[in-house]
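Okay, so here's the structure we're looking at.
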Amino acid sequence: MNIHEYQAKALLRSYGAPVSDGRVVLKAEEAKTAAGALDGPLWVVKAQIHAGGRGKGSFKEADAGEKGGVRLAKSVEEAEMEAKRMLGRTLVTKQTGDAGKQVNRIYIEDGSGIETEMYLALLVDRQTSRVSFVASTEGGMDIEEVAESTPEKILSFSVDPATGYQAFHGRRIAFNLGLTGKQVKQCVALMGTLYKLFIEKDMEMLEINPLIVTDAGDLKCLDAKIGFDGNAVYRHADIAELRDTTEEDPKELEASKYDLNYIALDGEIGCMVNGAGLAMATMDIIKLYGAEPANFLDVGGGATKEKVTEAFKIITSDPNVKGILVNIFGGIMRCDVIAEGVIAAVKEVGLQVPLVVRLEGTNVEKGKEIISNSGLDVIAADDLKDGAEKIVKAVKG
Ligand code: GDP
Ligand code: MN
């Protein structure tokens, strides 16, 4: 689960990390008061969307002005004007895709004088099963680009959970970033704070890009991007409240209501599978036969007829879907139950595109019988390879 920059900064502030003072603006008429509540003489007006690269982004609408989603202003009036220009407009960045994202919230912040911009992140490292720090002198820019062209400029190490964060971790980062004097002490404290926050709030990622040295020589978090472990959000009522569902894919949102593991993708073949591993294998084999999956969908081991129906509705609501492959292995799940679910779903939502069904496992014969007796135009498949071949052929001709 992701949150907005202003929410992330409020969390950082509550733990004592250095961030600028700022105000969030939801309606145009709030912009003036928000900007006026800050000291100046510099204001930063920032579009709040769940995507990075805002500074270098651009708006679809001409009346939003030429500049990106992060703008400097020299007066309250200017800050108000920039906020009004961006609200309700569509910002396109490297991370939003061509469709862009509508800006519904603006953050107005006290502007900082910048000496240097650096990169800092904490993340769960799956290789070591530990929390890792990632730091680089190359801040403010695309870290993937830095990792690609100059990987030696990135420091990365993981923290032993038995000891937790220690001052030497912070010093290692400080010296690597070329910090001196009071900044080293600030860095040791800040890294400790970030680590504590990361662990206590069950984060998956915490990225500060840029972490800056201000013109006064102090460390400050100028941007903040936080992703929480969705499976742990139930433990944090305060975090759950920060969810902004308008930032989420409506199909994914619908799926989450039914406890379906659904991720929208941009291919043409909708997939309905039980089990995450089988779902991954199904997506792979679709690609192998020359098409692209429209989604990842794991209906889970205990999928009911109702769940299968909902899954079907979500898949067919995607206009990019040109064919559907149902690939179910009945282990705990019985194939006849799945078959009934599929038939019920097709009857309820209709079927405008080819449907291939591959069933295997418990009660497979019964399941196949139900499908062939249904009178529906369903293409039966024997195995994974056969299923993928048939759906790709049905879609691509
Ligand atoms: P992003 O483009 O979505 O990553 O948004 P950021 O919050 O990282 O802002 C992009 C860039 O705007 C930063 O790298 C800075 O160069 C600049 N910027 C942001 N806040 C300030 C500020 O307070 N003062 C100055 N001078 N520049 C800022
Ligand atoms: Mn940034």
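Order determines the names: the first chain of the structure tokens is A, the second B, and so forth; residues in each chain are numbered 1 upward, and ligands are numbered 1 upward as they are shown.
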*Within 12 Å of Ala162 of chain A, counting only C-alpha atoms, which residues show up once you throw out same-chain ones fewer than 3 positions away? Write them as an MDAnalysis selection string, please.*
chainID A and resid 130:131 158:159 165:166
_Show me which residues are within 10 Å of ligand 1 counting only C-alpha atoms and all ligand atoms, and format the list as number ranges by chain._
A: 5, 19-20, 42-57, 68-73, 93-95, 108-119, 139-142, 207-212, 214-215, 220-225
*Pick out each residue of segment 95-228 of chain A that DSSP on the backbone tags as helix (DSSP H, G or I); I need them as a VMD selection string.*
chain A and resid 143 to 149 151 to 153 167 to 176 182 to 200
From the DSSP assignment of the backbone, select every residue of segment 129-321 of chain A that is strand (DSSP E or B), and format the answer as an mmCIF file with N, CA, C and O atoms, in the first residue's frame.
```
data_model
loop_
_atom_site.group_PDB
_atom_site.id
_atom_site.type_symbol
_atom_site.label_atom_id
_atom_site.label_comp_id
_atom_site.auth_asym_id
_atom_site.auth_seq_id
_atom_site.Cartn_x
_atom_site.Cartn_y
_atom_site.Cartn_z
ATOM 1 N N ARG A 130 16.562 -9.416 4.818
ATOM 2 C CA ARG A 130 16.823 -8.375 5.810
ATOM 3 C C ARG A 130 16.426 -7.013 5.260
ATOM 4 O O ARG A 130 16.149 -6.879 4.077
ATOM 5 N N VAL A 131 16.441 -6.040 6.160
ATOM 6 C CA VAL A 131 16.198 -4.669 5.720
ATOM 7 C C VAL A 131 17.528 -4.082 5.253
ATOM 8 O O VAL A 131 18.537 -4.192 5.951
ATOM 9 N N SER A 132 17.503 -3.508 4.072
ATOM 10 C CA SER A 132 18.722 -2.939 3.504
ATOM 11 C C SER A 132 18.650 -1.427 3.402
ATOM 12 O O SER A 132 17.571 -0.862 3.170
ATOM 13 N N PHE A 133 19.801 -0.806 3.563
ATOM 14 C CA PHE A 133 19.955 0.613 3.248
ATOM 15 C C PHE A 133 20.557 0.715 1.856
ATOM 16 O O PHE A 133 21.434 -0.076 1.495
ATOM 17 N N VAL A 134 20.090 1.690 1.097
ATOM 18 C CA VAL A 134 20.684 1.997 -0.203
ATOM 19 C C VAL A 134 20.970 3.494 -0.182
ATOM 20 O O VAL A 134 20.079 4.282 0.127
ATOM 21 N N ALA A 135 22.211 3.872 -0.468
ATOM 22 C CA ALA A 135 22.553 5.298 -0.452
ATOM 23 C C ALA A 135 23.427 5.638 -1.636
ATOM 24 O O ALA A 135 24.190 4.802 -2.118
ATOM 25 N N SER A 136 23.279 6.871 -2.107
ATOM 26 C CA SER A 136 24.108 7.302 -3.230
ATOM 27 C C SER A 136 24.267 8.814 -3.219
ATOM 28 O O SER A 136 23.367 9.539 -2.795
ATOM 29 N N ILE A 154 26.638 3.494 -5.845
ATOM 30 C CA ILE A 154 25.562 3.108 -4.930
ATOM 31 C C ILE A 154 26.102 2.229 -3.810
ATOM 32 O O ILE A 154 26.742 1.212 -4.061
ATOM 33 N N LEU A 155 25.844 2.657 -2.582
ATOM 34 C CA LEU A 155 26.215 1.862 -1.410
ATOM 35 C C LEU A 155 24.976 1.098 -0.960
ATOM 36 O O LEU A 155 23.895 1.671 -0.843
ATOM 37 N N SER A 156 25.140 -0.188 -0.727
ATOM 38 C CA SER A 156 24.006 -0.970 -0.263
ATOM 39 C C SER A 156 24.480 -2.028 0.734
ATOM 40 O O SER A 156 25.464 -2.716 0.487
ATOM 41 N N PHE A 157 23.811 -2.120 1.855
ATOM 42 C CA PHE A 157 24.126 -3.164 2.832
ATOM 43 C C PHE A 157 22.887 -3.445 3.654
ATOM 44 O O PHE A 157 21.994 -2.616 3.761
ATOM 45 N N SER A 158 22.845 -4.655 4.217
ATOM 46 C CA SER A 158 21.670 -4.998 5.018
ATOM 47 C C SER A 158 22.020 -4.995 6.506
ATOM 48 O O SER A 158 23.178 -5.087 6.891
ATOM 49 N N VAL A 159 20.979 -4.879 7.314
ATOM 50 C CA VAL A 159 21.141 -4.787 8.766
ATOM 51 C C VAL A 159 20.759 -6.122 9.402
ATOM 52 O O VAL A 159 19.700 -6.677 9.097
ATOM 53 N N MET A 203 6.994 -1.415 6.856
ATOM 54 C CA MET A 203 7.157 -0.883 5.495
ATOM 55 C C MET A 203 7.824 -1.895 4.577
ATOM 56 O O MET A 203 8.520 -2.805 5.027
ATOM 57 N N GLU A 204 7.593 -1.673 3.292
ATOM 58 C CA GLU A 204 8.278 -2.453 2.267
ATOM 59 C C GLU A 204 9.381 -1.600 1.658
ATOM 60 O O GLU A 204 10.403 -2.098 1.220
ATOM 61 N N MET A 205 9.105 -0.304 1.586
ATOM 62 C CA MET A 205 10.057 0.612 0.999
ATOM 63 C C MET A 205 9.902 2.014 1.572
ATOM 64 O O MET A 205 8.777 2.445 1.828
ATOM 65 N N LEU A 206 11.017 2.662 1.806
ATOM 66 C CA LEU A 206 11.009 4.048 2.264
ATOM 67 C C LEU A 206 12.107 4.729 1.457
ATOM 68 O O LEU A 206 13.281 4.407 1.607
ATOM 69 N N GLU A 207 11.722 5.628 0.593
ATOM 70 C CA GLU A 207 12.708 6.252 -0.291
ATOM 71 C C GLU A 207 12.727 7.759 -0.091
ATOM 72 O O GLU A 207 11.677 8.410 -0.149
ATOM 73 N N ILE A 208 13.919 8.285 0.172
ATOM 74 C CA ILE A 208 14.101 9.729 0.316
ATOM 75 C C ILE A 208 14.969 10.172 -0.860
ATOM 76 O O ILE A 208 16.190 9.981 -0.847
ATOM 77 N N ASN A 209 14.353 10.749 -1.853
ATOM 78 C CA ASN A 209 15.091 11.164 -3.045
ATOM 79 C C ASN A 209 14.540 12.488 -3.564
ATOM 80 O O ASN A 209 13.542 12.516 -4.243
ATOM 81 N N PRO A 210 15.180 13.588 -3.225
ATOM 82 C CA PRO A 210 16.499 13.635 -2.599
ATOM 83 C C PRO A 210 16.478 13.825 -1.089
ATOM 84 O O PRO A 210 15.580 14.440 -0.543
ATOM 85 N N LEU A 211 17.546 13.269 -0.487
ATOM 86 C CA LEU A 211 17.940 13.663 0.865
ATOM 87 C C LEU A 211 18.921 14.803 0.592
ATOM 88 O O LEU A 211 19.786 14.646 -0.262
ATOM 89 N N ILE A 212 18.739 15.939 1.269
ATOM 90 C CA ILE A 212 19.621 17.059 0.914
ATOM 91 C C ILE A 212 20.468 17.563 2.084
ATOM 92 O O ILE A 212 20.158 17.315 3.252
ATOM 93 N N VAL A 213 21.532 18.264 1.714
ATOM 94 C CA VAL A 213 22.231 19.128 2.655
ATOM 95 C C VAL A 213 21.722 20.519 2.296
ATOM 96 O O VAL A 213 21.813 20.943 1.143
ATOM 97 N N THR A 214 21.120 21.200 3.273
ATOM 98 C CA THR A 214 20.572 22.539 3.006
ATOM 99 C C THR A 214 21.704 23.564 2.932
ATOM 100 O O THR A 214 22.852 23.259 3.263
ATOM 101 N N LEU A 219 21.047 18.243 7.236
ATOM 102 C CA LEU A 219 20.354 17.203 6.464
ATOM 103 C C LEU A 219 18.851 17.433 6.506
ATOM 104 O O LEU A 219 18.309 17.851 7.521
ATOM 105 N N LYS A 220 18.176 17.145 5.378
ATOM 106 C CA LYS A 220 16.720 17.267 5.342
ATOM 107 C C LYS A 220 16.146 16.298 4.310
ATOM 108 O O LYS A 220 16.762 16.058 3.276
ATOM 109 N N CYS A 221 14.965 15.748 4.621
ATOM 110 C CA CYS A 221 14.273 14.854 3.683
ATOM 111 C C CYS A 221 13.397 15.721 2.785
ATOM 112 O O CYS A 221 12.379 16.244 3.237
ATOM 113 N N LYS A 225 8.846 8.777 -0.229
ATOM 114 C CA LYS A 225 7.948 7.820 -0.859
ATOM 115 C C LYS A 225 7.924 6.578 0.020
ATOM 116 O O LYS A 225 8.971 6.016 0.327
ATOM 117 N N ILE A 226 6.721 6.174 0.441
ATOM 118 C CA ILE A 226 6.623 5.026 1.348
ATOM 119 C C ILE A 226 5.647 3.984 0.806
ATOM 120 O O ILE A 226 4.554 4.312 0.348
ATOM 121 N N GLY A 227 6.085 2.736 0.855
ATOM 122 C CA GLY A 227 5.197 1.622 0.530
ATOM 123 C C GLY A 227 5.115 0.702 1.734
ATOM 124 O O GLY A 227 6.137 0.340 2.311
ATOM 125 N N PHE A 228 3.883 0.366 2.139
ATOM 126 C CA PHE A 228 3.705 -0.525 3.286
ATOM 127 C C PHE A 228 3.423 -1.945 2.811
ATOM 128 O O PHE A 228 2.863 -2.140 1.728
ATOM 129 N N ASN A 261 -6.217 -11.956 -5.358
ATOM 130 C CA ASN A 261 -4.908 -11.362 -5.644
ATOM 131 C C ASN A 261 -4.840 -11.017 -7.119
ATOM 132 O O ASN A 261 -4.532 -11.857 -7.954
ATOM 133 N N TYR A 262 -5.171 -9.761 -7.417
ATOM 134 C CA TYR A 262 -5.263 -9.334 -8.805
ATOM 135 C C TYR A 262 -4.339 -8.156 -9.077
ATOM 136 O O TYR A 262 -4.329 -7.190 -8.316
ATOM 137 N N ILE A 263 -3.557 -8.253 -10.133
ATOM 138 C CA ILE A 263 -2.721 -7.133 -10.567
ATOM 139 C C ILE A 263 -3.009 -6.889 -12.040
ATOM 140 O O ILE A 263 -2.884 -7.801 -12.864
ATOM 141 N N ALA A 264 -3.411 -5.664 -12.370
ATOM 142 C CA ALA A 264 -3.696 -5.329 -13.766
ATOM 143 C C ALA A 264 -2.395 -5.184 -14.545
ATOM 144 O O ALA A 264 -1.428 -4.605 -14.061
ATOM 145 N N ILE A 269 -4.578 -11.046 -22.853
ATOM 146 C CA ILE A 269 -5.168 -12.303 -22.403
ATOM 147 C C ILE A 269 -5.419 -12.292 -20.897
ATOM 148 O O ILE A 269 -4.494 -12.229 -20.084
ATOM 149 N N GLY A 270 -6.696 -12.337 -20.552
ATOM 150 C CA GLY A 270 -7.075 -12.359 -19.139
ATOM 151 C C GLY A 270 -6.805 -13.748 -18.578
ATOM 152 O O GLY A 270 -7.060 -14.753 -19.243
ATOM 153 N N CYS A 271 -6.277 -13.810 -17.362
ATOM 154 C CA CYS A 271 -5.940 -15.108 -16.769
ATOM 155 C C CYS A 271 -6.687 -15.297 -15.460
ATOM 156 O O CYS A 271 -6.731 -14.390 -14.637
ATOM 157 N N MET A 272 -7.263 -16.474 -15.280
ATOM 158 C CA MET A 272 -7.851 -16.809 -13.982
ATOM 159 C C MET A 272 -7.219 -18.113 -13.519
ATOM 160 O O MET A 272 -7.412 -19.155 -14.151
ATOM 161 N N VAL A 273 -6.453 -18.025 -12.454
ATOM 162 C CA VAL A 273 -5.637 -19.152 -12.026
ATOM 163 C C VAL A 273 -5.739 -19.302 -10.511
ATOM 164 O O VAL A 273 -6.019 -18.337 -9.816
ATOM 165 N N PRO A 293 -0.072 -11.302 -21.068
ATOM 166 C CA PRO A 293 -1.163 -11.409 -20.089
ATOM 167 C C PRO A 293 -1.755 -10.030 -19.757
ATOM 168 O O PRO A 293 -1.032 -9.041 -19.683
ATOM 169 N N ASN A 295 -3.450 -9.615 -16.988
ATOM 170 C CA ASN A 295 -3.478 -9.505 -15.530
ATOM 171 C C ASN A 295 -2.806 -10.701 -14.890
ATOM 172 O O ASN A 295 -2.610 -11.744 -15.521
ATOM 173 N N PHE A 296 -2.478 -10.503 -13.638
ATOM 174 C CA PHE A 296 -2.111 -11.612 -12.758
ATOM 175 C C PHE A 296 -3.356 -11.817 -11.900
ATOM 176 O O PHE A 296 -3.916 -10.857 -11.391
ATOM 177 N N LEU A 297 -3.807 -13.046 -11.763
ATOM 178 C CA LEU A 297 -4.938 -13.278 -10.868
ATOM 179 C C LEU A 297 -4.839 -14.638 -10.210
ATOM 180 O O LEU A 297 -4.858 -15.667 -10.873
ATOM 181 N N ASP A 298 -4.731 -14.599 -8.903
ATOM 182 C CA ASP A 298 -4.731 -15.828 -8.114
ATOM 183 C C ASP A 298 -6.030 -15.819 -7.310
ATOM 184 O O ASP A 298 -6.201 -14.993 -6.420
#
```
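By chain and then residue number, the residues within 8 Å of Thr304 of chain A are Val337, Ile338 and Gly341 of chain A, counting only C-alpha atoms and disregarding those fewer than 5 positions away in sequence.
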*What gap, in Å, lies between atom CA of Glu61 of chain A and atom CA of Glu248 of chain A?*
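One can read the atom CA of Glu61 of chain A to atom CA of Glu248 of chain A distance as 21.9 Å.
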*Find the residues near Pro354 of chain A: any atom within 7 Å, counting only C-alpha atoms, skip ones fewer than 5 places away on the same chain, and give them as a PyMOL selection string.*
chain A and resi 323-324+394
*Excluding same-chain residues fewer than 2 positions from Asp377 of chain A, what lies within 10 Å of it counting only C-alpha atoms, as a PyMOL selection string?*
chain A and resi 346+351+353-356+371-372+374-375+379-380
Do you know which residues are at most 9 Å from Arg23 of chain A counting only C-alpha atoms, after dropping those on the same chain fewer than 2 positions away, and could you put them as a PDB file with N, CA, C and O atoms, in the first residue's frame?
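out-v6.pdb, written as the output of this step:
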```pdb
ATOM      1  N   TYR A   6       2.933  13.932   1.255  1.00  0.00           N
ATOM      2  CA  TYR A   6       2.632  14.751   2.437  1.00  0.00           C
ATOM      3  C   TYR A   6       2.313  13.882   3.651  1.00  0.00           C
ATOM      4  O   TYR A   6       2.620  14.239   4.795  1.00  0.00           O
ATOM      5  N   ASP A  21       8.162  22.422   6.750  1.00  0.00           N
ATOM      6  CA  ASP A  21       6.768  22.620   7.157  1.00  0.00           C
ATOM      7  C   ASP A  21       5.934  22.713   5.880  1.00  0.00           C
ATOM      8  O   ASP A  21       6.382  23.261   4.871  1.00  0.00           O
ATOM      9  N   VAL A  25      -3.465  20.781   0.277  1.00  0.00           N
ATOM     10  CA  VAL A  25      -4.567  21.530  -0.309  1.00  0.00           C
ATOM     11  C   VAL A  25      -5.438  20.579  -1.123  1.00  0.00           C
ATOM     12  O   VAL A  25      -4.951  19.915  -2.030  1.00  0.00           O
ATOM     13  N   ALA A  31      -5.846  27.093  -1.166  1.00  0.00           N
ATOM     14  CA  ALA A  31      -4.441  27.299  -1.532  1.00  0.00           C
ATOM     15  C   ALA A  31      -3.826  28.541  -0.893  1.00  0.00           C
ATOM     16  O   ALA A  31      -2.700  28.507  -0.389  1.00  0.00           O
ATOM     17  N   ALA A  34      -3.218  28.097   2.835  1.00  0.00           N
ATOM     18  CA  ALA A  34      -2.130  27.136   3.034  1.00  0.00           C
ATOM     19  C   ALA A  34      -0.779  27.801   2.813  1.00  0.00           C
ATOM     20  O   ALA A  34       0.123  27.685   3.653  1.00  0.00           O
ATOM     21  N   ALA A  35      -0.653  28.511   1.702  1.00  0.00           N
ATOM     22  CA  ALA A  35       0.623  29.174   1.388  1.00  0.00           C
ATOM     23  C   ALA A  35       0.914  30.268   2.421  1.00  0.00           C
ATOM     24  O   ALA A  35       2.050  30.444   2.862  1.00  0.00           O
ATOM     25  N   ALA A  37       0.183  30.363   5.479  1.00  0.00           N
ATOM     26  CA  ALA A  37       0.550  29.839   6.797  1.00  0.00           C
ATOM     27  C   ALA A  37       2.045  29.523   6.896  1.00  0.00           C
ATOM     28  O   ALA A  37       2.563  29.257   7.970  1.00  0.00           O
ATOM     29  N   LEU A  38       2.729  29.545   5.757  1.00  0.00           N
ATOM     30  CA  LEU A  38       4.161  29.230   5.738  1.00  0.00           C
ATOM     31  C   LEU A  38       4.979  30.516   5.665  1.00  0.00           C
ATOM     32  O   LEU A  38       4.492  31.560   5.224  1.00  0.00           O
ATOM     33  N   ILE A 106      -2.665  18.861  -3.503  1.00  0.00           N
ATOM     34  CA  ILE A 106      -1.421  19.626  -3.692  1.00  0.00           C
ATOM     35  C   ILE A 106      -0.788  19.813  -2.327  1.00  0.00           C
ATOM     36  O   ILE A 106      -1.488  20.030  -1.331  1.00  0.00           O
ATOM     37  N   TYR A 107       0.511  19.712  -2.285  1.00  0.00           N
ATOM     38  CA  TYR A 107       1.238  19.970  -1.041  1.00  0.00           C
ATOM     39  C   TYR A 107       2.042  21.242  -1.241  1.00  0.00           C
ATOM     40  O   TYR A 107       2.821  21.348  -2.183  1.00  0.00           O
ATOM     41  N   ILE A 108       1.817  22.224  -0.357  1.00  0.00           N
ATOM     42  CA  ILE A 108       2.613  23.455  -0.415  1.00  0.00           C
ATOM     43  C   ILE A 108       3.562  23.440   0.771  1.00  0.00           C
ATOM     44  O   ILE A 108       3.149  23.237   1.917  1.00  0.00           O
ATOM     45  N   GLU A 109       4.832  23.637   0.452  1.00  0.00           N
ATOM     46  CA  GLU A 109       5.869  23.440   1.457  1.00  0.00           C
ATOM     47  C   GLU A 109       6.787  24.655   1.505  1.00  0.00           C
ATOM     48  O   GLU A 109       6.962  25.361   0.516  1.00  0.00           O
TER      49      GLU A 109
END
```
*Between A:Ala381, A:Leu325, A:Met191, A:Ala121, which has the minimum distance to ligand 2 (counting only C-alpha atoms and all ligand atoms)?*
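Selected residue with least distance to ligand 2: A:Ala121.
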*asked:* If I take atom CA of Gln102 of chain A and atom CA of Pro319 of chain A, how far is one from the other in Å, to one decimal?
replied: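 These two atoms are separated by 20.6 Å.
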*Which value, in Å to one decimal, gives the distance between atom CA of Asp249 of chain A and atom CA of Leu265 of chain A?*
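Result for atom CA of Asp249 of chain A versus atom CA of Leu265 of chain A: 10.5 Å, one decimal.
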